[in-house]
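**Student:** Pasting run37.cif here (mmCIF, C-alpha atoms and all ligand atoms):
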```cif
data_entry
#
loop_
_atom_site.label_atom_id
_atom_site.label_comp_id
_atom_site.auth_asym_id
_atom_site.auth_seq_id
_atom_site.Cartn_x
_atom_site.Cartn_y
_atom_site.Cartn_z
CA MET A 254 71.86 -54.07 -132.50
CA ASN A 255 72.21 -54.75 -136.25
CA GLN A 256 68.82 -53.21 -136.92
CA SER A 257 69.63 -50.08 -134.88
CA PRO A 258 70.12 -46.88 -136.86
CA ILE A 259 73.32 -45.15 -137.88
CA GLY A 260 73.40 -41.79 -136.07
CA ILE A 261 74.81 -38.84 -138.01
CA PHE A 262 75.14 -35.21 -136.99
CA ASP A 263 76.39 -31.86 -138.20
CA SER A 264 75.79 -28.21 -137.37
CA GLY A 265 73.26 -27.95 -140.21
CA ILE A 266 72.71 -29.26 -143.71
CA GLY A 267 76.39 -30.07 -144.39
CA GLY A 268 76.07 -33.56 -142.96
CA LEU A 269 73.53 -34.37 -145.65
CA THR A 270 76.50 -34.88 -147.95
CA GLY A 271 77.39 -37.68 -145.50
CA VAL A 272 73.84 -39.05 -145.57
CA LYS A 273 73.97 -39.16 -149.38
CA ALA A 274 77.29 -41.01 -149.29
CA ILE A 275 76.05 -43.48 -146.63
CA GLN A 276 72.90 -44.17 -148.64
CA ALA A 277 75.05 -44.94 -151.69
CA ALA A 278 77.46 -47.19 -149.74
CA LEU A 279 74.93 -48.82 -147.37
CA PRO A 280 71.47 -48.46 -148.93
CA PHE A 281 69.55 -50.62 -146.43
CA GLU A 282 70.80 -49.04 -143.21
CA ARG A 283 68.40 -46.92 -141.16
CA ILE A 284 69.71 -43.40 -140.63
CA ILE A 285 68.91 -40.89 -137.92
CA TYR A 286 70.22 -37.41 -138.71
CA PHE A 287 70.51 -34.42 -136.44
CA GLY A 288 71.27 -30.93 -137.80
CA ASP A 289 71.86 -28.31 -135.12
CA THR A 290 70.26 -25.57 -137.20
CA ALA A 291 69.62 -23.35 -134.17
CA ARG A 292 73.36 -22.95 -133.61
CA VAL A 293 74.93 -23.21 -137.08
CA PRO A 294 77.64 -22.14 -137.95
CA TYR A 295 80.10 -23.87 -135.63
CA GLY A 296 83.21 -22.87 -137.59
CA PRO A 297 83.65 -19.30 -136.26
CA LYS A 298 83.04 -20.35 -132.62
CA SER A 299 85.52 -21.08 -129.83
CA GLN A 300 86.76 -24.53 -128.93
CA VAL A 301 84.89 -24.42 -125.60
CA THR A 302 81.58 -23.73 -127.36
CA ILE A 303 82.19 -26.32 -130.08
CA ARG A 304 82.94 -28.96 -127.43
CA LYS A 305 79.73 -28.14 -125.57
CA TYR A 306 77.71 -28.40 -128.80
CA ALA A 307 79.41 -31.72 -129.62
CA SER A 308 78.35 -33.12 -126.25
CA ASP A 309 74.73 -31.93 -126.73
CA ASP A 310 74.56 -33.32 -130.27
CA THR A 311 75.81 -36.72 -129.13
CA ALA A 312 73.33 -36.83 -126.24
CA MET A 313 70.55 -36.04 -128.71
CA LEU A 314 71.47 -38.95 -131.00
CA MET A 315 72.03 -41.36 -128.10
CA ARG A 316 68.29 -41.13 -127.29
CA TYR A 317 67.74 -43.19 -130.47
CA GLN A 318 70.23 -45.94 -129.52
CA PRO A 319 72.41 -45.81 -132.62
CA LYS A 320 74.85 -48.65 -133.42
CA ILE A 321 77.48 -46.16 -134.62
CA ILE A 322 77.84 -42.38 -134.55
CA ILE A 323 79.20 -40.54 -137.56
CA VAL A 324 80.50 -37.07 -136.88
CA ALA A 325 79.64 -35.53 -140.27
CA CYS A 326 81.20 -32.24 -139.18
CA ASN A 327 84.90 -31.57 -139.66
CA THR A 328 84.86 -28.81 -137.05
CA VAL A 329 83.65 -31.23 -134.35
CA SER A 330 85.95 -33.97 -135.70
CA ALA A 331 88.89 -31.55 -135.41
CA LEU A 332 88.17 -30.10 -131.97
CA ALA A 333 85.87 -32.42 -130.07
CA LEU A 334 85.99 -36.02 -131.30
CA ASP A 335 87.09 -37.10 -127.80
CA VAL A 336 83.98 -35.41 -126.33
CA VAL A 337 81.76 -37.42 -128.68
CA GLU A 338 83.62 -40.64 -127.83
CA LYS A 339 83.27 -40.00 -124.09
CA SER A 340 79.57 -39.16 -124.38
CA CYS A 341 78.52 -42.35 -126.09
CA GLY A 342 80.00 -45.18 -124.02
CA ASN A 343 80.98 -48.10 -126.19
CA VAL A 344 79.10 -47.09 -129.32
CA PRO A 345 81.76 -46.75 -132.06
CA VAL A 346 82.41 -43.24 -133.38
CA THR A 347 83.91 -42.20 -136.67
CA GLY A 348 84.59 -38.69 -137.89
CA VAL A 349 84.96 -37.18 -141.34
CA LEU A 350 88.40 -35.73 -140.69
CA LYS A 351 90.48 -38.90 -140.32
CA ALA A 352 88.70 -40.52 -143.25
CA GLY A 353 89.30 -37.46 -145.45
CA ALA A 354 92.95 -37.25 -144.38
CA ARG A 355 93.52 -40.91 -145.21
CA LEU A 356 91.98 -40.67 -148.68
CA ALA A 357 94.01 -37.54 -149.44
CA ALA A 358 97.31 -38.99 -148.19
CA GLU A 359 96.76 -42.14 -150.28
CA GLY A 360 95.77 -40.13 -153.34
CA THR A 361 98.45 -37.44 -153.69
CA ARG A 362 101.23 -38.09 -156.16
CA ASN A 363 103.32 -34.96 -155.61
CA ASN A 364 102.91 -34.86 -151.79
CA ARG A 365 101.26 -31.42 -151.85
CA ILE A 366 97.73 -31.33 -150.46
CA GLY A 367 95.41 -28.35 -150.04
CA VAL A 368 92.76 -28.36 -147.32
CA ILE A 369 89.84 -25.95 -147.15
CA GLY A 370 87.65 -25.80 -144.06
CA THR A 371 86.10 -23.62 -141.39
CA GLN A 372 88.18 -21.18 -139.38
CA ALA A 373 88.15 -23.53 -136.36
CA THR A 374 89.25 -26.57 -138.41
CA VAL A 375 92.03 -24.68 -140.18
CA SER A 376 93.30 -23.03 -136.96
CA SER A 377 93.43 -26.42 -135.22
CA ASN A 378 95.73 -27.80 -137.95
CA ALA A 379 93.99 -31.13 -137.36
CA TYR A 380 94.20 -32.08 -141.06
CA GLY A 381 97.91 -31.27 -141.21
CA LEU A 382 98.55 -33.44 -138.16
CA ALA A 383 96.39 -36.33 -139.38
CA ILE A 384 97.94 -36.30 -142.86
CA ASN A 385 101.51 -36.04 -141.53
CA GLN A 386 100.88 -38.91 -139.15
CA LEU A 387 100.20 -41.03 -142.24
CA ASN A 388 103.05 -39.52 -144.26
CA PRO A 389 105.41 -36.92 -142.77
CA ASP A 390 106.72 -35.96 -146.24
CA ILE A 391 103.42 -34.43 -147.33
CA GLU A 392 103.14 -30.64 -147.35
CA VAL A 393 99.67 -29.46 -146.29
CA ILE A 394 98.48 -25.98 -147.27
CA SER A 395 95.25 -24.80 -145.63
CA GLN A 396 92.74 -22.08 -146.29
CA ALA A 397 89.65 -21.13 -144.27
CA CYS A 398 86.57 -20.41 -146.39
CA PRO A 399 84.00 -19.29 -143.78
CA LEU A 400 81.49 -17.78 -146.23
CA PHE A 401 80.98 -21.13 -147.96
CA VAL A 402 78.84 -22.34 -145.02
CA PRO A 403 76.13 -19.63 -145.18
CA LEU A 404 76.17 -19.85 -149.00
CA ALA A 405 75.42 -23.58 -148.77
CA GLU A 406 72.80 -23.03 -146.05
CA GLU A 407 71.10 -20.48 -148.36
CA GLY A 408 71.10 -22.94 -151.26
CA PHE A 409 73.40 -20.71 -153.39
CA ILE A 410 74.76 -23.78 -155.16
CA ASP A 411 75.58 -22.26 -158.52
CA HIS A 412 75.12 -18.57 -157.76
CA PRO A 413 77.36 -15.77 -159.15
CA ALA A 414 78.12 -14.71 -155.54
CA THR A 415 79.45 -18.22 -154.80
CA LYS A 416 81.66 -18.10 -157.90
CA LEU A 417 83.08 -14.72 -156.89
CA ILE A 418 83.83 -15.80 -153.33
CA ALA A 419 85.31 -19.12 -154.51
CA ALA A 420 87.64 -17.26 -156.88
CA GLN A 421 88.78 -15.04 -154.01
CA TYR A 422 89.29 -17.85 -151.47
CA LEU A 423 90.95 -20.32 -153.82
CA ALA A 424 93.29 -18.00 -155.76
CA GLU A 425 96.32 -18.48 -153.47
CA ILE A 426 95.97 -22.16 -152.64
CA THR A 427 95.74 -23.15 -156.32
CA LYS A 428 99.11 -21.45 -156.95
CA GLU A 429 100.80 -23.75 -154.41
CA GLY A 430 101.29 -26.67 -156.81
CA ILE A 431 98.82 -28.92 -154.97
CA ASP A 432 97.48 -31.98 -156.82
CA THR A 433 94.77 -32.74 -154.23
CA LEU A 434 92.22 -30.51 -152.48
CA VAL A 435 90.32 -31.78 -149.44
CA LEU A 436 86.83 -30.38 -148.91
CA GLY A 437 87.44 -30.27 -145.16
CA CYS A 438 83.94 -29.07 -144.28
CA THR A 439 80.88 -31.13 -145.07
CA HIS A 440 79.02 -28.06 -146.31
CA TYR A 441 81.53 -27.62 -149.15
CA PRO A 442 80.54 -30.61 -151.33
CA ILE A 443 77.21 -28.80 -151.78
CA LEU A 444 79.23 -26.15 -153.67
CA ARG A 445 81.47 -28.75 -155.34
CA LYS A 446 80.63 -27.76 -158.93
CA VAL A 447 81.75 -24.16 -158.40
CA ILE A 448 84.84 -25.24 -156.42
CA GLU A 449 85.81 -27.71 -159.15
CA GLU A 450 85.40 -25.13 -161.89
CA THR A 451 87.47 -22.64 -159.91
CA VAL A 452 90.44 -24.91 -159.20
CA GLY A 453 90.46 -26.53 -162.63
CA PRO A 454 90.74 -30.15 -163.82
CA ASP A 455 94.30 -30.86 -162.62
CA ILE A 456 93.46 -30.83 -158.91
CA ARG A 457 91.72 -33.90 -157.51
CA ILE A 458 88.93 -33.10 -155.07
CA ILE A 459 88.53 -35.23 -151.92
CA ASP A 460 85.11 -35.20 -150.29
CA SER A 461 85.48 -35.97 -146.57
CA ALA A 462 81.82 -37.06 -146.43
CA GLU A 463 82.34 -39.72 -149.09
CA ALA A 464 85.48 -40.87 -147.31
CA VAL A 465 83.63 -41.43 -144.03
CA ALA A 466 80.99 -43.56 -145.77
CA PHE A 467 83.70 -46.03 -146.89
CA ARG A 468 85.09 -46.07 -143.35
CA THR A 469 81.63 -46.69 -141.85
CA ARG A 470 81.06 -49.65 -144.15
CA GLU A 471 84.45 -51.03 -143.11
CA LEU A 472 83.68 -50.60 -139.37
CA LEU A 473 80.18 -52.13 -139.54
CA THR A 474 81.46 -55.06 -141.59
CA GLN A 475 84.37 -55.73 -139.19
CA SER A 476 82.12 -55.64 -136.13
CA GLY A 477 79.33 -57.70 -137.74
CA LEU A 478 76.85 -54.86 -137.34
CA LEU A 479 75.54 -54.57 -140.90
CA THR A 480 71.75 -54.68 -141.15
CA SER A 481 70.09 -57.80 -142.54
CA SER A 482 67.24 -55.69 -143.93
CA MET A 483 66.84 -55.54 -147.70
CA LYS A 484 64.51 -52.57 -147.64
CA ALA A 485 65.65 -48.98 -147.94
CA SER A 486 63.95 -46.46 -145.69
CA ALA A 487 63.97 -42.66 -145.61
CA PRO A 488 66.22 -41.12 -142.96
CA HIS A 489 64.66 -39.84 -139.73
CA LEU A 490 65.51 -36.12 -139.73
CA LEU A 491 65.83 -33.99 -136.58
CA VAL A 492 66.74 -30.30 -136.34
CA SER A 493 66.95 -27.78 -133.52
CA ASP A 494 65.30 -24.94 -135.50
CA LEU A 495 63.41 -24.16 -138.73
CA PRO A 496 62.32 -27.66 -139.83
CA GLN A 497 60.48 -26.24 -142.86
CA LYS A 498 63.60 -24.60 -144.25
CA PHE A 499 65.58 -27.79 -143.67
CA SER A 500 62.94 -29.78 -145.49
CA MET A 501 63.16 -27.47 -148.53
CA LEU A 502 66.95 -27.62 -148.61
CA TYR A 503 66.85 -31.40 -148.21
CA GLN A 504 64.59 -31.64 -151.24
CA LEU A 505 67.01 -29.47 -153.23
CA PHE A 506 70.23 -31.32 -152.31
CA MET A 507 68.94 -34.85 -152.08
CA ASP A 508 66.74 -34.58 -155.15
CA SER A 509 63.84 -36.08 -153.24
CA GLU A 510 60.31 -35.34 -152.05
CA MET A 511 59.97 -32.80 -149.26
CA PRO A 512 60.61 -34.96 -146.17
CA ASP A 513 59.11 -34.70 -142.69
CA VAL A 514 61.55 -33.02 -140.34
CA GLU A 515 61.12 -33.16 -136.58
CA LEU A 516 61.91 -30.19 -134.37
CA VAL A 517 63.81 -31.16 -131.20
CA ASP A 518 65.16 -29.31 -128.18
CA VAL A 519 68.91 -29.68 -127.68
N1 LIG B 601 79.79 -28.75 -141.76
C1 LIG B 601 80.66 -28.46 -140.69
C2 LIG B 601 82.08 -28.90 -140.94
O1 LIG B 601 82.24 -29.89 -141.61
C3 LIG B 601 80.50 -27.19 -139.92
C4 LIG B 601 80.24 -25.92 -140.63
C5 LIG B 601 79.90 -24.83 -139.64
O2 LIG B 601 78.91 -25.00 -138.91
O3 LIG B 601 80.64 -23.82 -139.59
O4 LIG B 601 83.02 -28.32 -140.48
#
```
Just dump the structure as structure tokens.
**Tutor:**
Amino acid sequence: MNQSPIGIFDSGIGGLTGVKAIQAALPFERIIYFGDTARVPYGPKSQVTIRKYASDDTAMLMRYQPKIIIVACNTVSALALDVVEKSCGNVPVTGVLKAGARLAAEGTRNNRIGVIGTQATVSSNAYGLAINQLNPDIEVISQACPLFVPLAEEGFIDHPATKLIAAQYLAEITKEGIDTLVLGCTHYPILRKVIEETVGPDIRIIDSAEAVAFRTRELLTQSGLLTSSMKASAPHLLVSDLPQKFSMLYQLFMDSEMPDVELVDV
């Protein structure tokens, strides 16, 4: 079991921010990544559809017998974590949302936290609930930023269009006196530079993908499931459409060679 891979999934390339964080925290673990590129974006879809996708994504990863499943998608973490848990028997599951909420709740000093995410995540108020469960005195202000997902998928990391849209989306939330801003969608850290410049230096950014990497290390350590390997290996990458495009974006975000990407049927 210890040598089994860590399974990670997202609707598309967003979960690569999780892969990067896992590689930094646990460099010798094998990773199997699934990006559901045929059906991205999840954020504007209904709960019924998102729950169906979550079940399919989990079944896909289960074929590779992972020792843990990381839901590197806030939208699935917000609306369908129970579906993932049910679909994978006794394999442990951890999602980005709880990890991000915990880091934010521990980090705020003025008890005012901003959360940006997909329409589905924001409408579910899952961050508000998770943060208030940890500390009921914290005020959570949320804003959906749906155009950030296609901008990230297009590789518009530092593009004038991204800056314009960020200024529009973040104008109100930055006037709310928040000291912490949660990137409550794993696609958003790809645009982190622009988001940071837009909100200014006084607001601390929380990356939910980084938060889940700490949590994964904790879980694997507690359950004695850390690998004994001392050799790093490249992640096994699976997508449901356009492997070539994924490979190019991977190279761009991960600063690596163009990897092999396998096309799979969900
Ligand atoms: N990256 C995902 C999230 O964290 C989903 C984005 C989308 O497909 O809309 O919410």
**Student:** Residues contacting ligand LIG 601 (chain B) - anything with an atom at most 7 Å away, using all atoms listed in the file - can you give me those as a ChimeraX atom specification?
**Tutor:** /A:263-265,267-268,293-297,325-329,370-371,374,402,437-440
**Student:** Between A:Leu356, A:Ala485, A:Ala405, A:Ile323, which residue has the minimum interatomic distance to Leu387 of chain A, considering only C-alpha atoms?
**Tutor:**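 Of A:Leu356, A:Ala485, A:Ala405, A:Ile323, the one nearest Leu387 of chain A, counting only C-alpha atoms, is A:Leu356.
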**Student:** Rank nothing, just name the residue among A:Ser509, A:Phe409, A:Tyr317, A:Asp309 nearest to Gly288 of chain A, using only C-alpha atoms.
**Tutor:**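 Under the stated criterion, the closest residue is A:Asp309.
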**Student:** In Å, with one decimal, what is the gap from atom CA of Leu350 of chain A to atom CA of Ser330 of chain A?
**Tutor:**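 These atoms are spaced 5.8 Å apart.
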**Student:** Taking only C-alpha atoms into account, which of A:Ile303, A:Ile456, A:Leu473, A:Ala277 comes nearest Gln256 of chain A?
**Tutor:**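 For Gln256 of chain A, the nearest of the candidates is A:Leu473.
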**Student:** Taking only C-alpha atoms into account, which of A:Leu495, A:Ile261, A:Val517, A:Ala466 comes nearest Ile275 of chain A?
**Tutor:** A:Ala466
**Student:** I want to know what sits within 10 Å of Tyr306 of chain A, based on only C-alpha atoms, with residues of the same chain fewer than 5 positions away left out; could you give that as a PyMOL selection string?
**Tutor:** chain A and resi 264+289+292+295+300-301+311-312+329+333+336-337+519
**Student:** With C-alpha atoms retained, write the just-selected residues as a PDB file, in the coordinates of the input.
**Tutor:**
```pdb
ATOM      1  CA  SER A 264      75.790 -28.210-137.370  1.00  0.00           C
ATOM      2  CA  ASP A 289      71.860 -28.310-135.120  1.00  0.00           C
ATOM      3  CA  ARG A 292      73.360 -22.950-133.610  1.00  0.00           C
ATOM      4  CA  TYR A 295      80.100 -23.870-135.630  1.00  0.00           C
ATOM      5  CA  GLN A 300      86.760 -24.530-128.930  1.00  0.00           C
ATOM      6  CA  VAL A 301      84.890 -24.420-125.600  1.00  0.00           C
ATOM      7  CA  THR A 311      75.810 -36.720-129.130  1.00  0.00           C
ATOM      8  CA  ALA A 312      73.330 -36.830-126.240  1.00  0.00           C
ATOM      9  CA  VAL A 329      83.650 -31.230-134.350  1.00  0.00           C
ATOM     10  CA  ALA A 333      85.870 -32.420-130.070  1.00  0.00           C
ATOM     11  CA  VAL A 336      83.980 -35.410-126.330  1.00  0.00           C
ATOM     12  CA  VAL A 337      81.760 -37.420-128.680  1.00  0.00           C
ATOM     13  CA  VAL A 519      68.910 -29.680-127.680  1.00  0.00           C
TER      14      VAL A 519
END
```
**Student:** Residues at most 10 Å from Thr415 of chain A, counting all atoms listed in the file, excluding those fewer than 2 positions away in the same chain, as a list in words?
**Tutor:**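 Counting only the stated atoms, we get Leu400, Phe401, Leu404, Ala405, Phe409, Ile410, Asp411, His412, Pro413, Leu417, Ile418, Ala419, Ala420, Gln421, Leu444, Val447 and Ile448 of chain A.
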**Student:** Quote the spacing between atom CA of Thr290 of chain A and atom CA of Gly408 of chain A in Å to one decimal place.
**Tutor:**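 Going from atom CA of Thr290 of chain A over to atom CA of Gly408 of chain A covers 14.3 Å.
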**Student:** What lies within 7 Å of Ala354 of chain A using all atoms listed in the file, ignoring chain neighbours under 4 positions off, as a count of residues only?
**Tutor:** 5
**Student:** Identify which of the residues A:Pro512, A:Gly260, A:Pro389, A:Gly271 lies closest to Phe287 of chain A, counting only C-alpha atoms when measuring atom-to-atom distances.
**Tutor:**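 Answer, going by the shortest atom-to-atom distance: A:Gly260.
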**Student:** May I ask which of the residues A:Ala307, A:Ile431, A:Leu332, A:Ile285 is the closest one to Glu515 of chain A, counting only C-alpha atoms?
**Tutor:**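 Distance minimum relative to Glu515 of chain A lands on A:Ile285.
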**Student:** Taking (99.3, -32.3, -146.6) in the coordinates of the supplied file, I want to know which residues reach to within 8 Å of it, counting all atoms listed in the file; could you give the answer as a PyMOL selection string?
**Tutor:** chain A and resi 357-358+364-368+380-381+384-385+391-394
**Student:** Mind giving me the straight-line distance from atom CA of Tyr286 of chain A to atom CA of Gln475 of chain A in Å, one decimal?
**Tutor:**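 Straight-line distance from atom CA of Tyr286 of chain A to atom CA of Gln475 of chain A works out to 23.2 Å.
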**Student:** Which residues are near Lys273 of chain A? Cut-off 10 Å, all atoms listed in the file, ignore same chain within fewer than 5 positions. Put them as an MDAnalysis selection string.
**Tutor:** chainID A and resid 268 278:280 462:463 466 506:507
